[in-house]
Amino acid sequence: MASPDPIDGLLALDPGARGIGKFYRPGAARAAARSLARGKRVVLTTGFAVGPGLAETDGPPGTAVLGRALRLVGKSVTYVVDDVAAPLMEAALKALGEPVEVLVLPDAGAVEGLRRRLARDRPSHLVAVERPGRAADGEYRSARGDSVTAWNGPLDALFLSRPRGARTVGIGDGGNEIGMGNVRRHLLRQGRLAKKIASVVRVDHLVVAGVSNWGAYGVTAHLSVLAKRPLLHTAEEERRIVTACVDAGGVDGITRRREATVDGLPLSAHAAMVELLRALVDRKIRGGPRS
Ligand code: CA
């Protein structure tokens with residue numbers, strides 16, 4: 001039997017005790033990376049507002065890191081967010097030294113126009129990192145079960161009616177994000193709250209991780225292995241990106257405090273995850289001992 005991928009082992013850590021083992025998808029980060037590596041034009045979206053003007057720190061860092069990696073391997077990259085998440089996305093890109101070009105959905109009514117505009121560019125992929133996906137009743141819901149529809153634009157509509165030929169990737173950690181429609185069957189068995197928040201929005205590749213940013217870093221790690229070059233950010237950059245997101249108005253999605261944490265975990269924990277992933281990538285690229 002093949003050994004489990006050690007990158008999967010890291011992504012499957014469940015610091016929030018959300019029971020992600022029940023809907024974790026082994027091999028999905030690698031499969032998403034392989035698909036993206038074959039793509040040409042990638043549209044990335046992110047941003048989860050837990051209250052009015054309160055976009056959380058999980059999502060934009062992962063999106064910026066994955067977007068940079070895709071740009072470095074020659075893909076055309078477009079970032080699309082709503083007005084609430086725009087300051088965080090821009091701050092994350094700036095902190096990484098990336099071009100700050102972000103398409104912003106000004107209001108819910110503009111989504112069809114945005115969809116047509118994106119379709120004109122014939123994207124090969126749409127990627128969502130920690131982006132609300134509607135539940136069966138059409139509402140976006142927080143992990144607590146509250147409706148957050150008022151504060152999040154309908155960017156999941158891009159995935160429900162995707163541009164022709166585009167493959168879709170969803171990265172999430174809670175069950176309420178774009179892509180979790182793939183594991184809805186599992187979520188429905190996890191109790192009343194999970195059932196209430198479970199998204200119906202499906203994707204071609206669903207990447208589950210203990211923290212959504214980690215899922216995006218996991219896909220970036222696999223892209224690095226495929227490209228045989230390190231594409232991940234450094235632990236120092238991780239600190240800088242998350243801090244920049246907070247300075248731009250971001251809050252922790254769990255504590256809802258305006259502080260440099262992600263999903264209730266301190267920067268040191270996220271920096272450690274980045275270091276671990278970098279070490280695994282380094283070993284795989286050098287052809288070190290198989291694990
Ligand atoms: Ca999260």
# chains A, B, ... in the order shown; residues from 1 in each chain; ligands from 1

$ residues_near_ligand --ligand "ligand 1" --cutoff "8 Å" --atoms "only C-alpha atoms and all ligand atoms" --output "ChimeraX atom specification"
/A:58-59,130,172-174,210-213,253-254,262-263

$ closest_atom_pairs --of "range 114-159 of chain A" --to "range 178-199 of chain A" --cutoff "12 Å" --atoms "only C-alpha atoms" --output "JSON lines"
{"residue": "A:Leu126", "atom": "CA", "partner": "A:Ile178", "partner_atom": "CA", "distance": 10.9}
{"residue": "A:Val127", "atom": "CA", "partner": "A:Ile178", "partner_atom": "CA", "distance": 9.2}
{"residue": "A:Ala128", "atom": "CA", "partner": "A:Ile178", "partner_atom": "CA", "distance": 6.5}
{"residue": "A:Val129", "atom": "CA", "partner": "A:Ile178", "partner_atom": "CA", "distance": 8.0}
{"residue": "A:Glu130", "atom": "CA", "partner": "A:Ile178", "partner_atom": "CA", "distance": 7.4}
{"residue": "A:Arg131", "atom": "CA", "partner": "A:Ile178", "partner_atom": "CA", "distance": 5.8}
{"residue": "A:Pro132", "atom": "CA", "partner": "A:Ile178", "partner_atom": "CA", "distance": 5.8}
{"residue": "A:Gly133", "atom": "CA", "partner": "A:Ile178", "partner_atom": "CA", "distance": 4.1}
{"residue": "A:Arg134", "atom": "CA", "partner": "A:Ser199", "partner_atom": "CA", "distance": 5.1}
{"residue": "A:Ala135", "atom": "CA", "partner": "A:Ser199", "partner_atom": "CA", "distance": 4.2}
{"residue": "A:Ala136", "atom": "CA", "partner": "A:Ser199", "partner_atom": "CA", "distance": 6.7}
{"residue": "A:Asp137", "atom": "CA", "partner": "A:Lys196", "partner_atom": "CA", "distance": 8.6}
{"residue": "A:Gly138", "atom": "CA", "partner": "A:Ser199", "partner_atom": "CA", "distance": 9.0}
{"residue": "A:Glu139", "atom": "CA", "partner": "A:Ile197", "partner_atom": "CA", "distance": 8.5}
{"residue": "A:Tyr140", "atom": "CA", "partner": "A:Ile197", "partner_atom": "CA", "distance": 7.5}
{"residue": "A:Arg141", "atom": "CA", "partner": "A:Ile197", "partner_atom": "CA", "distance": 5.4}
{"residue": "A:Ser142", "atom": "CA", "partner": "A:Ile197", "partner_atom": "CA", "distance": 7.1}
{"residue": "A:Ala143", "atom": "CA", "partner": "A:Ile197", "partner_atom": "CA", "distance": 6.9}
{"residue": "A:Arg144", "atom": "CA", "partner": "A:Leu193", "partner_atom": "CA", "distance": 7.5}
{"residue": "A:Gly145", "atom": "CA", "partner": "A:Ile197", "partner_atom": "CA", "distance": 5.8}
{"residue": "A:Asp146", "atom": "CA", "partner": "A:Ile197", "partner_atom": "CA", "distance": 8.5}
{"residue": "A:Ser147", "atom": "CA", "partner": "A:Ile197", "partner_atom": "CA", "distance": 8.9}
{"residue": "A:Val148", "atom": "CA", "partner": "A:Ile197", "partner_atom": "CA", "distance": 10.6}
{"residue": "A:Thr149", "atom": "CA", "partner": "A:Ile197", "partner_atom": "CA", "distance": 11.9}
{"residue": "A:Pro154", "atom": "CA", "partner": "A:Ile178", "partner_atom": "CA", "distance": 10.8}
{"residue": "A:Leu155", "atom": "CA", "partner": "A:Ile178", "partner_atom": "CA", "distance": 9.2}
{"residue": "A:Asp156", "atom": "CA", "partner": "A:Ile178", "partner_atom": "CA", "distance": 6.4}
{"residue": "A:Ala157", "atom": "CA", "partner": "A:Ile178", "partner_atom": "CA", "distance": 9.7}
{"residue": "A:Leu158", "atom": "CA", "partner": "A:Ile178", "partner_atom": "CA", "distance": 10.2}
{"residue": "A:Phe159", "atom": "CA", "partner": "A:Ile178", "partner_atom": "CA", "distance": 7.9}

$ write_last_selection --atoms "N, CA and C atoms" --output "short mmCIF file (atom, residue, chain, number, x, y, z; two decimals), in the first residue's frame"
data_model
loop_
_atom_site.label_atom_id
_atom_site.label_comp_id
_atom_site.auth_asym_id
_atom_site.auth_seq_id
_atom_site.Cartn_x
_atom_site.Cartn_y
_atom_site.Cartn_z
N LEU A 126 -11.15 28.27 -12.05
CA LEU A 126 -11.66 29.15 -11.00
C LEU A 126 -11.28 28.51 -9.68
N VAL A 127 -10.69 29.32 -8.78
CA VAL A 127 -10.26 28.80 -7.48
C VAL A 127 -10.89 29.65 -6.38
N ALA A 128 -11.48 29.00 -5.38
CA ALA A 128 -12.03 29.71 -4.22
C ALA A 128 -11.32 29.24 -2.96
N VAL A 129 -10.85 30.20 -2.17
CA VAL A 129 -10.21 29.86 -0.90
C VAL A 129 -11.04 30.49 0.23
N GLU A 130 -11.66 29.67 1.07
CA GLU A 130 -12.45 30.20 2.18
C GLU A 130 -13.42 31.29 1.70
N ARG A 131 -14.26 30.88 0.76
CA ARG A 131 -15.25 31.82 0.23
C ARG A 131 -16.64 31.23 0.47
N PRO A 132 -17.57 32.02 1.05
CA PRO A 132 -18.89 31.44 1.35
C PRO A 132 -19.54 30.80 0.14
N GLY A 133 -20.08 29.62 0.37
CA GLY A 133 -20.87 28.92 -0.64
C GLY A 133 -22.27 28.76 -0.06
N ARG A 134 -23.27 29.02 -0.87
CA ARG A 134 -24.64 29.01 -0.33
C ARG A 134 -25.05 27.65 0.21
N ALA A 135 -25.88 27.69 1.25
CA ALA A 135 -26.45 26.47 1.81
C ALA A 135 -27.71 26.12 1.03
N ALA A 136 -28.38 25.03 1.42
CA ALA A 136 -29.54 24.57 0.66
C ALA A 136 -30.65 25.62 0.62
N ASP A 137 -30.73 26.47 1.65
CA ASP A 137 -31.78 27.50 1.69
C ASP A 137 -31.35 28.79 0.99
N GLY A 138 -30.17 28.77 0.35
CA GLY A 138 -29.72 29.94 -0.41
C GLY A 138 -28.93 30.95 0.42
N GLU A 139 -28.85 30.73 1.74
CA GLU A 139 -28.13 31.68 2.60
C GLU A 139 -26.66 31.27 2.71
N TYR A 140 -25.81 32.30 2.91
CA TYR A 140 -24.44 32.02 3.34
C TYR A 140 -24.46 32.01 4.85
N ARG A 141 -23.77 31.03 5.44
CA ARG A 141 -23.80 30.93 6.90
C ARG A 141 -22.40 30.85 7.50
N SER A 142 -22.27 31.47 8.67
CA SER A 142 -21.03 31.38 9.43
C SER A 142 -20.96 29.99 10.05
N ALA A 143 -19.78 29.66 10.61
CA ALA A 143 -19.61 28.37 11.27
C ALA A 143 -20.57 28.25 12.45
N ARG A 144 -21.01 29.40 12.98
CA ARG A 144 -21.96 29.37 14.11
C ARG A 144 -23.40 29.14 13.65
N GLY A 145 -23.61 29.24 12.34
CA GLY A 145 -24.95 29.00 11.81
C GLY A 145 -25.72 30.27 11.49
N ASP A 146 -25.14 31.45 11.82
CA ASP A 146 -25.84 32.71 11.52
C ASP A 146 -25.77 33.00 10.02
N SER A 147 -26.78 33.69 9.51
CA SER A 147 -26.71 34.11 8.12
C SER A 147 -25.70 35.24 7.98
N VAL A 148 -24.80 35.12 7.00
CA VAL A 148 -23.83 36.19 6.70
C VAL A 148 -24.06 36.69 5.27
N THR A 149 -25.25 36.40 4.75
CA THR A 149 -25.58 36.74 3.36
C THR A 149 -25.49 38.25 3.11
N PRO A 154 -22.36 37.49 -3.94
CA PRO A 154 -22.67 36.15 -4.46
C PRO A 154 -21.62 35.63 -5.45
N LEU A 155 -20.35 35.63 -5.03
CA LEU A 155 -19.30 35.17 -5.94
C LEU A 155 -19.38 33.67 -6.21
N ASP A 156 -20.13 32.94 -5.37
CA ASP A 156 -20.29 31.51 -5.64
C ASP A 156 -21.10 31.27 -6.91
N ALA A 157 -21.81 32.31 -7.36
CA ALA A 157 -22.57 32.18 -8.62
C ALA A 157 -21.62 31.89 -9.79
N LEU A 158 -20.38 32.36 -9.69
CA LEU A 158 -19.39 32.10 -10.75
C LEU A 158 -19.10 30.61 -10.86
N PHE A 159 -19.21 29.92 -9.72
CA PHE A 159 -18.94 28.48 -9.69
C PHE A 159 -20.18 27.66 -10.06
#

$ closest_atom_pairs --of "range 44-75 of chain A" --to "range 223-237 of chain A" --cutoff "9 Å" --atoms "only C-alpha atoms" --output "Markdown table"
| residue | atom | partner | partner_atom | distance |
| --- | --- | --- | --- | --- |
| A:Val65 | CA | A:His233 | CA | 6.6 |
| A:Leu66 | CA | A:Leu232 | CA | 8.0 |
| A:Arg68 | CA | A:Leu231 | CA | 8.0 |
| A:Ala69 | CA | A:Leu231 | CA | 5.3 |
| A:Leu70 | CA | A:Leu223 | CA | 8.2 |
| A:Leu72 | CA | A:Leu231 | CA | 7.7 |
| A:Val73 | CA | A:Ala227 | CA | 7.5 |

$ write_last_selection --atoms "C-alpha atoms" --output "CSV table (one decimal), in the first residue's frame"
chain,number,residue,atom,x,y,z
A,65,VAL,CA,0.5,32.8,-1.9
A,66,LEU,CA,-1.2,30.4,-4.4
A,68,ARG,CA,2.0,34.2,-6.7
A,69,ALA,CA,3.1,30.6,-7.3
A,70,LEU,CA,0.8,30.4,-10.3
A,72,LEU,CA,5.7,32.4,-11.1
A,73,VAL,CA,5.1,29.3,-13.2

$ residues_around --residues "Ala244 in chain A" --least-positions-apart "6" --cutoff "10 Å" --atoms "only C-alpha atoms" --output "ChimeraX atom specification"
/A:57,61,87-96,238,250,260

$ write_last_selection --atoms "C-alpha atoms" --output "tab-separated table (two decimals), in the first residue's frame"
chain	number	residue	atom	x	y	z
A	57	THR	CA	-7.88	36.73	8.09
A	61	PRO	CA	-3.11	35.08	2.63
A	87	PRO	CA	-8.71	45.71	1.32
A	88	LEU	CA	-7.42	42.39	2.72
A	89	MET	CA	-6.71	40.89	-0.70
A	90	GLU	CA	-4.85	44.02	-1.75
A	91	ALA	CA	-2.90	44.12	1.53
A	92	ALA	CA	-1.92	40.46	1.22
A	93	LEU	CA	-0.64	40.95	-2.35
A	94	LYS	CA	1.23	44.10	-1.39
A	95	ALA	CA	2.87	42.35	1.58
A	96	LEU	CA	4.14	39.67	-0.83
A	238	GLU	CA	3.45	34.66	6.54
A	250	GLY	CA	-9.25	42.00	8.97
A	260	ALA	CA	-2.92	38.97	13.98

$ select_by_dssp --residues "range 95-261 of chain A" --states "strand (DSSP E or B)" --output "ChimeraX atom specification"
/A:102-105,125-129,132,135,141,147,167-172,177,199,205-208,251,261

$ write_last_selection --atoms "N, CA and C atoms" --output "PDB file, in the first residue's frame"
ATOM      1  N   VAL A 102      -6.864  43.867  -8.477  1.00  0.00           N
ATOM      2  CA  VAL A 102      -7.960  43.065  -7.954  1.00  0.00           C
ATOM      3  C   VAL A 102      -9.262  43.551  -8.562  1.00  0.00           C
ATOM      4  N   LEU A 103     -10.027  42.617  -9.145  1.00  0.00           N
ATOM      5  CA  LEU A 103     -11.362  42.958  -9.638  1.00  0.00           C
ATOM      6  C   LEU A 103     -12.317  42.911  -8.459  1.00  0.00           C
ATOM      7  N   VAL A 104     -13.121  43.945  -8.308  1.00  0.00           N
ATOM      8  CA  VAL A 104     -14.005  44.014  -7.143  1.00  0.00           C
ATOM      9  C   VAL A 104     -15.469  43.977  -7.580  1.00  0.00           C
ATOM     10  N   LEU A 105     -16.225  43.071  -6.967  1.00  0.00           N
ATOM     11  CA  LEU A 105     -17.677  43.012  -7.167  1.00  0.00           C
ATOM     12  C   LEU A 105     -18.297  44.075  -6.260  1.00  0.00           C
ATOM     13  N   HIS A 125      -9.238  27.933 -15.066  1.00  0.00           N
ATOM     14  CA  HIS A 125      -9.598  27.530 -13.695  1.00  0.00           C
ATOM     15  C   HIS A 125     -10.247  28.658 -12.912  1.00  0.00           C
ATOM     16  N   LEU A 126     -11.154  28.274 -12.054  1.00  0.00           N
ATOM     17  CA  LEU A 126     -11.665  29.152 -11.001  1.00  0.00           C
ATOM     18  C   LEU A 126     -11.276  28.512  -9.675  1.00  0.00           C
ATOM     19  N   VAL A 127     -10.693  29.321  -8.780  1.00  0.00           N
ATOM     20  CA  VAL A 127     -10.255  28.801  -7.478  1.00  0.00           C
ATOM     21  C   VAL A 127     -10.887  29.650  -6.377  1.00  0.00           C
ATOM     22  N   ALA A 128     -11.478  29.000  -5.378  1.00  0.00           N
ATOM     23  CA  ALA A 128     -12.030  29.715  -4.219  1.00  0.00           C
ATOM     24  C   ALA A 128     -11.323  29.241  -2.963  1.00  0.00           C
ATOM     25  N   VAL A 129     -10.853  30.198  -2.166  1.00  0.00           N
ATOM     26  CA  VAL A 129     -10.212  29.860  -0.895  1.00  0.00           C
ATOM     27  C   VAL A 129     -11.038  30.493   0.232  1.00  0.00           C
ATOM     28  N   PRO A 132     -17.568  32.016   1.048  1.00  0.00           N
ATOM     29  CA  PRO A 132     -18.885  31.444   1.351  1.00  0.00           C
ATOM     30  C   PRO A 132     -19.542  30.802   0.136  1.00  0.00           C
ATOM     31  N   ALA A 135     -25.877  27.688   1.247  1.00  0.00           N
ATOM     32  CA  ALA A 135     -26.451  26.468   1.814  1.00  0.00           C
ATOM     33  C   ALA A 135     -27.714  26.124   1.031  1.00  0.00           C
ATOM     34  N   ARG A 141     -23.766  31.031   5.445  1.00  0.00           N
ATOM     35  CA  ARG A 141     -23.800  30.931   6.901  1.00  0.00           C
ATOM     36  C   ARG A 141     -22.405  30.850   7.499  1.00  0.00           C
ATOM     37  N   SER A 147     -26.778  33.687   9.510  1.00  0.00           N
ATOM     38  CA  SER A 147     -26.715  34.114   8.117  1.00  0.00           C
ATOM     39  C   SER A 147     -25.696  35.244   7.985  1.00  0.00           C
ATOM     40  N   ARG A 167     -12.127  24.602 -15.133  1.00  0.00           N
ATOM     41  CA  ARG A 167     -12.152  23.632 -14.037  1.00  0.00           C
ATOM     42  C   ARG A 167     -12.243  24.429 -12.743  1.00  0.00           C
ATOM     43  N   THR A 168     -12.805  23.827 -11.710  1.00  0.00           N
ATOM     44  CA  THR A 168     -12.994  24.568 -10.461  1.00  0.00           C
ATOM     45  C   THR A 168     -12.294  23.874  -9.293  1.00  0.00           C
ATOM     46  N   VAL A 169     -11.745  24.712  -8.415  1.00  0.00           N
ATOM     47  CA  VAL A 169     -11.074  24.239  -7.205  1.00  0.00           C
ATOM     48  C   VAL A 169     -11.675  24.995  -6.024  1.00  0.00           C
ATOM     49  N   GLY A 170     -12.040  24.281  -4.976  1.00  0.00           N
ATOM     50  CA  GLY A 170     -12.540  24.922  -3.759  1.00  0.00           C
ATOM     51  C   GLY A 170     -11.689  24.491  -2.579  1.00  0.00           C
ATOM     52  N   ILE A 171     -11.306  25.465  -1.748  1.00  0.00           N
ATOM     53  CA  ILE A 171     -10.480  25.169  -0.581  1.00  0.00           C
ATOM     54  C   ILE A 171     -11.226  25.677   0.652  1.00  0.00           C
ATOM     55  N   GLY A 172     -11.432  24.805   1.633  1.00  0.00           N
ATOM     56  CA  GLY A 172     -12.196  25.221   2.807  1.00  0.00           C
ATOM     57  C   GLY A 172     -11.890  24.378   4.023  1.00  0.00           C
ATOM     58  N   GLU A 177     -18.178  26.561   2.806  1.00  0.00           N
ATOM     59  CA  GLU A 177     -17.492  27.276   1.733  1.00  0.00           C
ATOM     60  C   GLU A 177     -17.791  26.676   0.345  1.00  0.00           C
ATOM     61  N   SER A 199     -22.616  23.826   2.468  1.00  0.00           N
ATOM     62  CA  SER A 199     -22.820  24.444   1.158  1.00  0.00           C
ATOM     63  C   SER A 199     -23.237  23.400   0.125  1.00  0.00           C
ATOM     64  N   HIS A 205     -12.335  19.980  -7.823  1.00  0.00           N
ATOM     65  CA  HIS A 205     -11.337  19.576  -6.828  1.00  0.00           C
ATOM     66  C   HIS A 205     -11.622  20.274  -5.511  1.00  0.00           C
ATOM     67  N   LEU A 206     -12.016  19.509  -4.512  1.00  0.00           N
ATOM     68  CA  LEU A 206     -12.243  20.077  -3.181  1.00  0.00           C
ATOM     69  C   LEU A 206     -11.045  19.759  -2.291  1.00  0.00           C
ATOM     70  N   VAL A 207     -10.399  20.822  -1.785  1.00  0.00           N
ATOM     71  CA  VAL A 207      -9.266  20.658  -0.870  1.00  0.00           C
ATOM     72  C   VAL A 207      -9.734  21.079   0.516  1.00  0.00           C
ATOM     73  N   VAL A 208      -9.695  20.150   1.449  1.00  0.00           N
ATOM     74  CA  VAL A 208     -10.085  20.425   2.834  1.00  0.00           C
ATOM     75  C   VAL A 208      -8.802  20.529   3.653  1.00  0.00           C
ATOM     76  N   VAL A 251     -10.273  40.614  10.644  1.00  0.00           N
ATOM     77  CA  VAL A 251     -10.472  40.079  11.993  1.00  0.00           C
ATOM     78  C   VAL A 251     -10.275  38.562  11.959  1.00  0.00           C
ATOM     79  N   THR A 261      -4.140  36.915  14.257  1.00  0.00           N
ATOM     80  CA  THR A 261      -4.312  35.475  14.410  1.00  0.00           C
ATOM     81  C   THR A 261      -5.188  35.000  13.254  1.00  0.00           C
TER      82      THR A 261
END

$ closest_residue --among "A:Gly16, A:Gly153, A:Gly74, A:Gly67" --to "Pro106 in chain A" --atoms "only C-alpha atoms"
A:Gly153

$ atom_distance --atom1 "CA of Ala85 in chain A" --atom2 "CA of Val200 in chain A"
22.2 Å

$ select_by_dssp --residues "range 11-260 of chain A" --states "alpha helix (DSSP H)" --output "MDAnalysis selection string"
chainID A and resid 11 28:37 60:72 86:95 111:120 157:160 184:188 192:197 212:227 235:247

$ atom_distance --atom1 "CA of Arg257 in chain A" --atom2 "CA of Ala150 in chain A"
20.0 Å

$ closest_residue --among "A:Pro52, A:Gly47, A:Gly165, A:Pro60" --to "Trp214 in chain A" --atoms "only C-alpha atoms"
A:Pro60

$ atom_distance --atom1 "CA of Ala64 in chain A" --atom2 "CA of Val84 in chain A"
16.4 Å

$ closest_residue --among "A:Pro163, A:Gly215, A:Pro266, A:Gly175" --to "Val201 in chain A" --atoms "only C-alpha atoms"
A:Gly175

$ residues_around --residues "Tyr79 in chain A" --least-positions-apart "4" --cutoff "6 Å" --atoms "only C-alpha atoms" --output "list in words"
Val43, Leu44, Thr45 and Val102 of chain A
